[in-house]
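K.L.:
Input file: data_37.txt. Contents: compact mmCIF, C-alpha atoms.
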```txt
# COMPACT_ATOMS: atom_id res chain seq x y z
CA MET A 26 103.89 115.59 277.52
CA ILE A 27 102.53 114.13 274.28
CA LYS A 28 99.81 116.82 274.09
CA THR A 29 102.40 119.55 274.71
CA ALA A 30 104.70 118.17 272.00
CA PHE A 31 101.79 117.92 269.57
CA LEU A 32 100.75 121.50 270.35
CA LEU A 33 104.28 122.78 269.82
CA LEU A 34 104.55 120.86 266.56
CA SER A 35 101.23 122.28 265.35
CA LEU A 36 102.28 125.82 266.19
CA LEU A 37 105.60 125.32 264.45
CA LEU A 38 103.88 123.92 261.35
CA TYR A 39 101.37 126.80 261.32
CA SER A 40 104.15 129.37 261.67
CA THR A 41 106.18 127.71 258.92
CA LEU A 42 103.24 127.65 256.52
CA ARG A 43 102.43 131.29 257.25
CA ILE A 44 106.04 132.37 256.73
CA GLU A 45 106.17 130.45 253.45
CA ALA A 46 102.91 132.06 252.35
CA GLN A 47 104.25 135.50 253.21
CA ALA A 48 107.47 134.78 251.33
CA GLU A 49 105.69 134.23 248.02
CA VAL A 50 106.05 136.92 245.39
CA ILE A 51 102.97 139.04 244.58
CA TYR A 52 102.93 139.81 240.87
CA LEU A 53 101.46 142.95 239.32
CA GLU A 54 99.87 142.97 235.90
CA ASN A 55 101.55 145.38 233.48
CA PRO A 56 104.11 146.70 236.00
CA SER A 57 105.85 148.75 233.29
CA PHE A 58 102.62 150.63 232.44
CA GLU A 59 102.71 149.65 228.75
CA ASP A 60 99.90 150.78 226.47
CA VAL A 61 99.16 153.07 223.54
CA ALA A 62 100.50 156.49 224.59
CA ARG A 63 97.68 159.02 224.95
CA ALA A 64 96.11 161.51 227.33
CA GLY A 65 93.56 160.66 230.00
CA LYS A 66 93.86 156.87 229.71
CA THR A 67 95.20 154.60 232.42
CA PRO A 68 97.38 151.76 231.08
CA ALA A 69 96.06 148.23 230.66
CA SER A 70 95.33 146.38 233.95
CA TRP A 71 95.24 149.61 236.00
CA ALA A 72 92.15 151.50 237.20
CA ASP A 73 91.73 155.27 237.47
CA CYS A 74 91.36 156.39 241.08
CA GLY A 75 91.44 160.15 240.65
CA HIS A 76 88.64 162.69 241.04
CA SER A 77 85.49 161.71 239.13
CA GLN A 78 85.21 165.17 237.51
CA GLU A 79 88.80 165.22 236.26
CA SER A 80 90.66 163.27 233.59
CA PRO A 81 92.58 160.05 234.43
CA PRO A 82 96.39 159.77 234.45
CA ASP A 83 98.17 159.87 231.07
CA VAL A 84 100.12 157.17 229.24
CA GLN A 85 103.28 159.02 228.18
CA PRO A 86 105.22 160.03 226.15
CA TYR A 87 102.83 160.74 223.27
CA GLY A 88 103.94 164.35 222.65
CA GLY A 89 101.02 165.98 224.42
CA PHE A 90 101.64 168.35 227.34
CA ASN A 91 105.23 168.63 226.01
CA VAL A 92 106.26 165.51 227.94
CA VAL A 93 109.04 163.86 225.92
CA ARG A 94 111.20 161.92 228.39
CA PRO A 95 111.95 158.36 227.14
CA ALA A 96 110.63 155.49 229.25
CA LYS A 97 112.86 153.78 231.78
CA ASP A 98 111.46 150.39 230.72
CA GLY A 99 109.59 149.40 227.57
CA ARG A 100 108.03 152.22 225.60
CA THR A 101 105.55 153.98 227.89
CA TYR A 102 105.02 155.08 231.48
CA VAL A 103 102.41 156.91 233.56
CA GLY A 104 102.23 160.65 234.11
CA MET A 105 100.17 161.83 237.10
CA VAL A 106 99.42 165.33 238.35
CA THR A 107 98.13 167.31 241.30
CA ARG A 108 95.96 170.37 240.60
CA ASP A 109 95.36 173.74 242.18
CA ASN A 110 91.66 172.89 242.66
CA LYS A 111 92.48 170.28 245.32
CA THR A 112 92.24 167.23 243.06
CA TRP A 113 94.95 164.72 242.29
CA GLU A 114 95.48 161.50 240.32
CA ALA A 115 95.96 157.88 241.33
CA LEU A 116 95.69 154.38 239.88
CA ALA A 117 95.02 150.97 241.42
CA GLN A 118 95.14 147.26 240.77
CA ARG A 119 93.87 144.04 242.33
CA LEU A 120 96.80 141.97 243.60
CA SER A 121 97.46 138.37 242.59
CA LYS A 122 97.66 137.56 246.33
CA PRO A 123 96.67 139.67 249.36
CA LEU A 124 99.13 141.64 251.44
CA GLN A 125 98.89 139.95 254.84
CA LYS A 126 98.46 141.81 258.10
CA ASP A 127 101.70 142.21 260.11
CA ALA A 128 103.83 140.89 257.24
CA CYS A 129 106.67 142.88 255.67
CA TYR A 130 106.93 143.45 251.91
CA LYS A 131 109.31 145.27 249.60
CA PHE A 132 108.28 147.17 246.50
CA SER A 133 110.03 149.60 244.18
CA LEU A 134 109.44 151.74 241.12
CA PHE A 135 111.24 154.40 239.11
CA ALA A 136 110.09 158.00 239.30
CA CYS A 137 111.05 161.47 238.08
CA LYS A 138 109.46 164.78 237.15
CA SER A 139 108.92 166.30 233.73
CA SER A 140 110.25 169.85 233.68
CA VAL A 141 107.41 170.71 231.30
CA TYR A 142 103.85 169.40 231.70
CA ILE A 143 101.63 172.05 230.07
CA SER A 144 97.86 171.70 230.29
CA PRO A 145 94.76 173.89 230.71
CA THR A 146 93.09 173.86 234.11
CA LYS A 147 89.47 174.28 235.12
CA LYS A 148 90.44 177.55 236.76
CA ASN A 149 92.10 178.80 233.58
CA GLN A 150 90.96 177.16 230.34
CA SER A 151 92.31 179.87 228.04
CA GLN A 152 95.88 179.96 229.32
CA PRO A 153 97.66 176.58 229.66
CA THR A 154 99.58 176.09 232.88
CA ASN A 155 102.90 174.32 233.44
CA PHE A 156 102.36 171.64 236.08
CA SER A 157 106.03 171.88 236.96
CA LYS A 158 106.19 171.61 240.75
CA GLY A 159 107.48 168.49 242.44
CA ILE A 160 105.02 166.22 244.22
CA ILE A 161 105.18 163.08 246.36
CA LEU A 162 103.93 159.52 245.85
CA ARG A 163 101.87 157.48 248.30
CA ILE A 164 101.21 153.72 248.39
CA TRP A 165 97.86 152.63 249.85
CA GLY A 166 96.41 149.23 250.70
CA GLY A 167 92.70 148.48 250.43
CA ASN A 168 90.05 145.89 249.68
CA HIS A 169 88.39 147.31 246.59
CA TYR A 170 89.46 149.54 243.72
CA CYS A 171 90.54 152.98 244.97
CA ASP A 172 90.08 151.97 248.61
CA ARG A 173 92.60 153.84 250.75
CA ALA A 174 92.27 151.82 253.93
CA GLU A 175 95.88 152.22 255.10
CA LEU A 176 98.82 154.34 253.98
CA LEU A 177 101.59 151.76 253.65
CA ASP A 178 104.51 153.99 252.60
CA GLU A 179 105.32 157.15 250.67
CA ILE A 180 107.99 159.25 249.04
CA LYS A 181 108.05 162.03 251.64
CA THR A 182 110.23 164.51 249.73
CA PRO A 183 108.81 165.99 246.50
CA VAL A 184 110.37 164.47 243.38
CA GLU A 185 112.19 167.36 241.69
CA HIS A 186 114.77 165.48 239.56
CA ILE A 187 114.12 164.94 235.82
CA ASP A 188 116.15 161.74 235.47
CA TRP A 189 114.75 158.33 236.41
CA GLN A 190 115.63 157.21 239.94
CA ASN A 191 114.62 154.06 241.78
CA TYR A 192 112.50 154.40 244.93
CA GLU A 193 112.11 151.52 247.38
CA PHE A 194 109.14 151.06 249.68
CA GLU A 195 108.53 148.88 252.70
CA LEU A 196 104.92 147.82 253.13
CA LYS A 197 103.77 146.62 256.58
CA PRO A 198 99.97 146.30 256.77
CA LYS A 199 98.67 146.81 260.31
CA LYS A 200 94.93 147.17 259.81
CA GLY A 201 94.27 143.90 258.01
CA ASP A 202 94.89 141.92 254.81
CA PHE A 203 94.68 143.96 251.59
CA ASN A 204 93.75 142.72 248.12
CA PHE A 205 94.36 146.01 246.27
CA ILE A 206 97.18 148.49 245.93
CA CYS A 207 96.68 152.17 245.06
CA ILE A 208 99.52 154.42 243.82
CA GLU A 209 98.67 158.07 244.43
CA ALA A 210 100.25 161.38 243.40
CA TYR A 211 99.94 163.96 246.18
CA TYR A 212 101.11 167.36 247.41
CA LYS A 213 103.99 167.90 249.79
CA THR A 214 102.45 167.74 253.26
CA PRO A 215 101.42 169.62 255.23
CA THR A 216 100.11 172.08 252.65
CA PHE A 217 97.57 174.89 252.60
CA ASN A 218 98.31 175.95 249.03
CA PHE A 219 97.23 173.31 246.54
CA TYR A 220 99.38 173.49 243.43
CA ASN A 221 99.89 172.11 239.91
CA GLY A 222 102.60 169.44 239.90
CA ASN A 223 103.54 166.24 238.10
CA ILE A 224 105.29 162.94 238.64
CA LEU A 225 106.24 160.21 236.15
CA ILE A 226 106.44 156.54 237.22
CA ASP A 227 107.73 153.43 235.43
CA LYS A 228 109.09 149.90 235.93
CA ALA A 229 107.35 148.83 239.13
CA SER A 230 108.74 145.70 240.74
CA GLU A 231 106.99 142.65 242.10
CA ILE A 232 105.83 142.94 245.71
CA TYR A 233 107.82 140.43 247.69
CA SER A 234 108.52 139.39 251.25
CA CYS A 235 111.26 141.23 253.11
CA ASP A 236 112.76 137.76 253.71
CA ILE A 237 113.46 137.18 249.99
CA PRO A 238 116.82 138.51 248.75
CA THR A 239 116.42 140.73 245.68
CA ASP A 240 118.84 138.64 243.61
CA GLU A 241 116.52 135.62 243.88
CA LEU A 242 113.79 137.34 241.87
CA VAL A 243 113.67 136.48 238.17
CA GLU A 244 113.53 139.57 235.97
CA GLN A 245 111.98 139.18 232.53
CA ASP A 246 113.21 141.16 229.54
CA PRO A 247 111.11 144.24 228.73
CA VAL A 248 109.34 144.64 225.42
CA VAL A 249 108.26 147.66 223.41
CA VAL A 250 104.62 148.47 222.71
CA LYS A 251 103.72 150.63 219.71
CA GLU A 252 100.70 151.53 217.61
CA PRO A 253 99.05 148.64 215.70
CA VAL A 254 100.90 147.62 212.52
CA VAL A 255 98.98 148.18 209.29
CA ALA A 256 100.48 146.81 206.09
CA ALA A 257 100.92 148.93 202.99
CA GLY A 258 97.76 148.99 200.90
CA GLU A 259 95.45 148.08 203.77
CA GLN A 260 92.89 150.48 205.23
CA LYS A 261 94.62 152.39 208.03
CA ASP A 262 91.33 153.57 209.50
CA THR A 263 90.04 150.02 209.95
CA LEU A 264 91.41 149.85 213.48
CA GLU A 265 90.67 153.45 214.34
CA LYS A 266 86.97 153.17 213.53
CA ARG A 267 86.36 149.90 215.33
CA PRO A 268 85.24 150.00 218.97
CA ASN A 269 87.75 149.08 221.65
CA THR A 270 85.40 146.50 223.12
CA VAL A 271 83.56 143.55 221.62
CA LYS A 272 80.84 141.26 222.86
CA PRO A 273 81.82 138.61 225.47
CA LEU A 274 84.17 136.04 224.01
CA PRO A 275 83.54 132.30 224.04
CA ASN A 276 85.85 130.27 226.26
CA THR A 277 85.62 126.69 225.04
CA SER A 278 87.65 123.54 225.54
CA THR A 279 89.49 121.38 222.98
CA GLN A 280 89.86 118.47 225.41
CA ASN A 281 87.94 116.08 223.13
CA LEU A 282 90.19 116.74 220.13
CA THR A 283 93.24 114.72 219.12
CA ILE A 284 95.98 117.36 219.21
CA GLN A 285 98.82 117.24 216.70
CA ASP A 286 101.74 119.61 217.42
CA LYS A 287 102.76 121.20 214.11
CA GLY A 288 105.49 123.48 215.51
CA ASN A 289 105.82 127.18 214.72
CA PHE A 290 103.17 128.92 212.63
CA ASP A 291 104.52 130.00 209.22
CA PRO A 292 101.69 131.14 206.91
CA SER A 293 103.97 131.02 203.86
CA THR A 294 104.37 127.22 204.11
CA ILE A 295 100.89 126.14 205.33
CA LYS A 296 98.22 125.05 202.87
CA ILE A 297 94.63 124.87 204.02
CA LYS A 298 94.12 121.49 202.29
CA ASP A 299 96.82 119.98 204.53
CA LEU A 300 95.25 121.14 207.81
CA ALA A 301 93.18 118.97 210.13
CA ILE A 302 91.04 119.70 213.16
CA GLY A 303 93.29 119.44 216.22
CA ASP A 304 96.43 120.79 214.52
CA LYS A 305 98.33 123.02 216.96
CA PHE A 306 100.75 125.83 216.05
CA ARG A 307 102.95 128.07 218.19
CA LEU A 308 102.94 131.80 217.46
CA GLU A 309 106.70 132.32 217.59
CA ASN A 310 107.89 135.78 218.70
CA LEU A 311 104.54 136.67 220.25
CA TYR A 312 105.72 137.74 223.71
CA PHE A 313 104.36 140.07 226.36
CA SER A 314 105.72 142.45 228.98
CA ALA A 315 106.23 140.83 232.37
CA ASP A 316 102.83 140.12 233.97
CA SER A 317 101.04 141.98 231.14
CA SER A 318 98.55 141.08 228.40
CA SER A 319 99.48 144.07 226.19
CA ILE A 320 100.65 143.08 222.70
CA ASN A 321 104.02 144.44 221.60
CA ARG A 322 105.35 145.55 218.22
CA ASN A 323 106.80 142.18 217.19
CA GLY A 324 103.63 140.49 218.38
CA GLU A 325 101.56 142.72 216.12
CA LYS A 326 103.61 141.57 213.12
CA VAL A 327 102.98 137.94 214.07
CA LEU A 328 99.25 138.57 214.46
CA LEU A 329 99.10 140.45 211.18
CA GLY A 330 100.35 137.25 209.51
CA LEU A 331 97.71 135.19 211.31
CA TYR A 332 95.05 137.77 210.39
CA ARG A 333 95.88 137.50 206.68
CA PHE A 334 95.84 133.71 206.89
CA LEU A 335 92.40 133.73 208.55
CA LYS A 336 91.09 136.32 206.11
CA THR A 337 92.20 134.21 203.13
CA ASN A 338 90.87 130.97 204.65
CA SER A 339 87.42 132.04 205.85
CA ASN A 340 86.36 128.47 206.69
CA LEU A 341 88.98 128.15 209.44
CA ALA A 342 88.09 128.43 213.15
CA LEU A 343 90.51 128.14 216.04
CA GLU A 344 91.15 128.28 219.76
CA ILE A 345 93.80 130.70 221.03
CA GLY A 346 95.63 129.23 224.02
CA GLY A 347 97.78 131.22 226.47
CA HIS A 348 100.60 129.65 228.52
CA THR A 349 102.90 131.06 231.23
CA ASN A 350 106.18 129.99 232.78
CA GLY A 351 106.11 128.06 236.05
CA LEU A 352 107.21 130.79 238.48
CA PRO A 353 104.03 132.59 239.63
CA PRO A 354 101.21 130.98 241.65
CA ASP A 355 98.66 128.78 239.83
CA GLU A 356 95.76 131.22 240.14
CA PHE A 357 97.82 134.10 238.78
CA CYS A 358 99.12 131.98 235.86
CA ASP A 359 95.59 130.91 234.93
CA ARG A 360 94.33 134.49 234.99
CA LEU A 361 97.29 135.95 233.09
CA SER A 362 97.35 133.25 230.40
CA SER A 363 93.60 133.69 229.87
CA ALA A 364 93.99 137.48 229.61
CA ARG A 365 96.75 137.09 227.02
CA ALA A 366 94.72 134.67 224.92
CA LYS A 367 91.72 136.98 225.11
CA SER A 368 93.93 139.94 224.12
CA VAL A 369 94.94 138.08 220.93
CA VAL A 370 91.31 137.29 220.08
CA ARG A 371 90.27 140.90 220.61
CA TYR A 372 93.16 142.14 218.47
CA LEU A 373 92.23 139.84 215.59
CA ASN A 374 88.58 140.83 215.95
CA GLN A 375 89.52 144.51 215.75
CA LEU A 376 91.37 143.75 212.53
CA GLY A 377 88.16 142.28 211.13
CA ILE A 378 88.08 138.54 211.95
CA ASN A 379 84.59 137.39 212.96
CA ILE A 380 84.43 136.74 216.70
CA ASN A 381 82.46 133.52 216.11
CA ARG A 382 85.53 131.95 214.47
CA MET A 383 87.67 132.29 217.59
CA SER A 384 87.67 131.09 221.19
CA PHE A 385 90.29 131.50 223.90
CA ARG A 386 91.63 129.49 226.82
CA GLY A 387 94.22 130.07 229.53
CA TYR A 388 96.28 126.97 230.29
CA GLY A 389 98.41 128.65 232.96
CA LYS A 390 101.59 126.70 233.67
CA ARG A 391 100.11 123.21 233.26
CA LYS A 392 101.67 122.45 229.85
CA PRO A 393 105.38 123.40 229.97
CA ILE A 394 107.62 122.75 226.96
CA GLY A 395 110.83 124.04 228.57
CA ASP A 396 112.77 123.93 231.84
CA ASN A 397 111.45 126.59 234.23
CA LYS A 398 114.80 126.61 236.02
CA THR A 399 116.40 128.42 233.06
CA LYS A 400 115.50 131.74 231.45
CA GLU A 401 115.36 130.09 228.04
CA GLY A 402 112.96 127.49 229.37
CA GLN A 403 110.81 130.17 230.96
CA ARG A 404 110.77 132.05 227.64
CA ARG A 405 109.62 128.93 225.76
CA ASN A 406 106.90 128.18 228.28
CA GLN A 407 105.52 131.71 228.14
CA ARG A 408 103.86 131.35 224.75
CA VAL A 409 100.66 131.59 222.72
CA GLU A 410 99.41 128.74 220.53
CA PHE A 411 96.35 128.13 218.40
CA ILE A 412 94.47 124.89 217.73
CA VAL A 413 92.33 124.35 214.62
CA THR A 414 88.76 123.67 215.82
CA ASP A 415 86.78 123.81 212.56
CA LEU A 416 87.42 123.69 208.81
CA GLU A 417 83.89 124.07 207.44
```
What is this file in structure tokens?
P.N.:
Amino acid sequence: MIKTAFLLLSLLLYSTLRIEAQAEVIYLENPSFEDVARAGKTPASWADCGHSQESPPDVQPYGGFNVVRPAKDGRTYVGMVTRDNKTWEALAQRLSKPLQKDACYKFSLFACKSSVYISPTKKNQSQPTNFSKGIILRIWGGNHYCDRAELLDEIKTPVEHIDWQNYEFELKPKKGDFNFICIEAYYKTPTFNFYNGNILIDKASEIYSCDIPTDELVEQDPVVVKEPVVAAGEQKDTLEKRPNTVKPLPNTSTQNLTIQDKGNFDPSTIKIKDLAIGDKFRLENLYFSADSSSINRNGEKVLLGLYRFLKTNSNLALEIGGHTNGLPPDEFCDRLSSARAKSVVRYLNQLGININRMSFRGYGKRKPIGDNKTKEGQRRNQRVEFIVTDLE
């Protein structure tokens, strides 16, 4: 009797833990597809999974291909096409947590079609073609980038409308656990005539258990991403001529320093002679899109102020620290906060600050300064700070 009771209790505990694990939200990075609008460039945090001999999906609207529809969320979205040469576009991302076999998940995104999507084709380079036909969207699960191990759901009817509409998906993995998701543009099936079509997608949701009511998910306010801000009188081509990548960044610790919280960073009131190693400042108004490390317009203005301060005070070195709110899992918070801190360092380096003067660190959700039960507290916790590490 005791053994039977113990066995039943163990099974109940195992089932409870598995249900709780399945009920956790899976967060995407950059779910609103924010980036600098341009052709043939997948947005930050997403990988190109189209044909190797064709261009990647486009970050729209940048004016090219005559695509002008405003974004549903933020400033940009993704445009994907199918082609008459039997190639099509797709993008993928590693998930913050795997989709578990036999579990049920919900996922949604907004989609529409651009009535005009004019581009040359390999079949006809001289005469641009309008990729105007409606196509479908497929959601795949896999275990590496671009792996299409199992078709989890799809929009079965070609998207012909030109206004944004929300599409909901139900994902039920049957072949195993999946660590990657792939979003693929495809032809209406079955088809024997491959054709030129397009689909626009924006504002993807979290992936969450079918057991979680939608109204329990916390939605963060969207932000707008634009081209880098360059002040009047400064060289506009400074950013354009610099490479998009830099050498690996240092990731050091300030744990041995005595930290003094100095509040919000205001370069107009700070004098270098008053600073000390260990002084910490918050970069007020430097926020990011939900689950993204892309820097927005207001953030660029903040970083331009920090750039000028560092340029004027060339003896100053610092650590950039990223922090998140307390909602996502620990591993995801650590990775996202580190990516945001690194994004700030890269941005400052592209402006001209020597990489050896900066380090970065992701603190995740371990150092909250607000109540994670409120949106205001979450906003305060999701922040970027810097700590003075050298004054020589």
K.L.:
As an exercise, work out the distance from atom CA of Arg382 of chain A to atom CA of Asp304 of chain A in Å and give it to one decimal place.
P.N.:
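It comes out at 15.6 Å.
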K.L.:
Work out how far atom CA of Pro198 of chain A is from atom CA of Met105 of chain A, in Å to one decimal.
P.N.:
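Distance between the two atoms: 25.1 Å.
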K.L.:
Can you tell me, as a list in words, which residues sit within 10 Å of (95.7, 145.8, 262.6) in the file's frame, using only C-alpha atoms?
P.N.:
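Selection result: Lys126, Asp127, Glu175, Pro198, Lys199, Lys200, Gly201 and Asp202 of chain A.
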K.L.:
So, with all atoms listed in the file as the atoms that count, which of A:Asn338, A:Asn310, A:Gln78, A:Asn323 lies closest to Ile295 of chain A?
P.N.:
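When distances to Ile295 of chain A are compared using all atoms listed in the file, the smallest one comes from A:Asn338.
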K.L.:
Just the number, please: distance in Å from atom CA of Asp172 of chain A to atom CA of Ala210 of chain A, one decimal.
P.N.:
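Computing the Euclidean distance for atom CA of Asp172 of chain A and atom CA of Ala210 of chain A yields 14.8 Å.
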K.L.:
Of the candidates A:Asp73, A:Glu401, A:Glu59, A:Asp178, which shows the shortest atom-to-atom distance to Gln85 of chain A, using only C-alpha atoms?
P.N.:
A:Glu59
K.L.:
Restricting the calculation to all atoms listed in the file: of A:Gly395, A:Ser70, A:Ile187, A:Ile412, which residue gets closest to Arg365 of chain A?
P.N.:
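Going through A:Gly395, A:Ser70, A:Ile187, A:Ile412 one by one, the smallest distance to Arg365 of chain A is for A:Ser70.
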